[in-house]
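Following: one structure in structure tokens, then a few remarks.
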Amino acid sequence: MTPFGEKIRALRKDRGVTMKQMAQAIGVSAPYLSALENGKRGQPSWYLVQRIIAYFNIIWDDAEDIVELARLSHPRAVIDTSGLSPRATELANRLADSISRLSDADLQRHLQLLDQADPVDQDPKE
């Protein structure tokens with residue numbers, strides 16, 4: 001499951017919406033929506049994300065969070081390290097080799113390190 005799929009499933013469950021109801025309302029098939037929730041489909045299009053945001057009547061920061069989750073939810077991430085340092089290539093390959101063995105706590109620690117190095121939510125005016 002991707003972060004986007006996890007969020008969409010939680011929204012559906014919280015609002016008592018079936019997959020079939022939601023799929024019909026946003027113009028996709030229930031199997032496609034299931035595959036999207038379960039990380040078996042690629043990153044959703046911007047237009048689909050916007051339909052989902054409108055369907056759940058999500059506004060402002062919450063809508064931006066959904067867009068960001070969709071951006072970070074490609075289940076087959078590719079990292080191009082050409083032109084970067086050897087350490088960048090090593091990190092990318094080691095992460096690819098070990099990610100399936102990392103616990104949720106380990107993953108959270110790595111995400112926190114990345115947030116400290118490059119805060120995604122930081123306002124550039126600050």
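Ordered as shown in the structure tokens, chains take letters A, B, and onward, while each chain numbers its residues from 1 and ligands are numbered from 1 in the order shown.
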key: Long-range neighbours of Gln43 (chain A) as JSON, numbers by chain, 8 Å cut-off, only C-alpha atoms, 2 positions minimum in chain   = {"A": [41, 45, 70, 71, 73, 74, 75]}
Filtered DSSP result for chain A, state helix (DSSP H, G or I), as an MDAnalysis selection string: chainID A and resid 3:14 19:26 30:37 46:55 60:71 86:101 104:117
*Contacts of Leu11 (chain A) at 12 Å or less, counting only C-alpha atoms, minus same-chain residues fewer than 3 places along, as a list in words?*
Phe4, Gly5, Glu6, Lys7, Ile8, Asp14, Arg15, Gly16, Val17, Thr18, Met19, Met22, Glu37, Ile52, Ile53, Tyr55, Phe56, Asn57, Ile58, Asp62 and Ile66 of chain A
Coordinates-based distance that separates CA of Asp115 (chain A) from CA of Leu72 (chain A) (Å, one decimal) =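 It comes out at 13.5 Å.
Considering only C-alpha atoms, the residue among A:Ile26, A:Ala92, A:Gln108, A:Trp46 positioned nearest to Ala77 (chain A) is A:Ala92.
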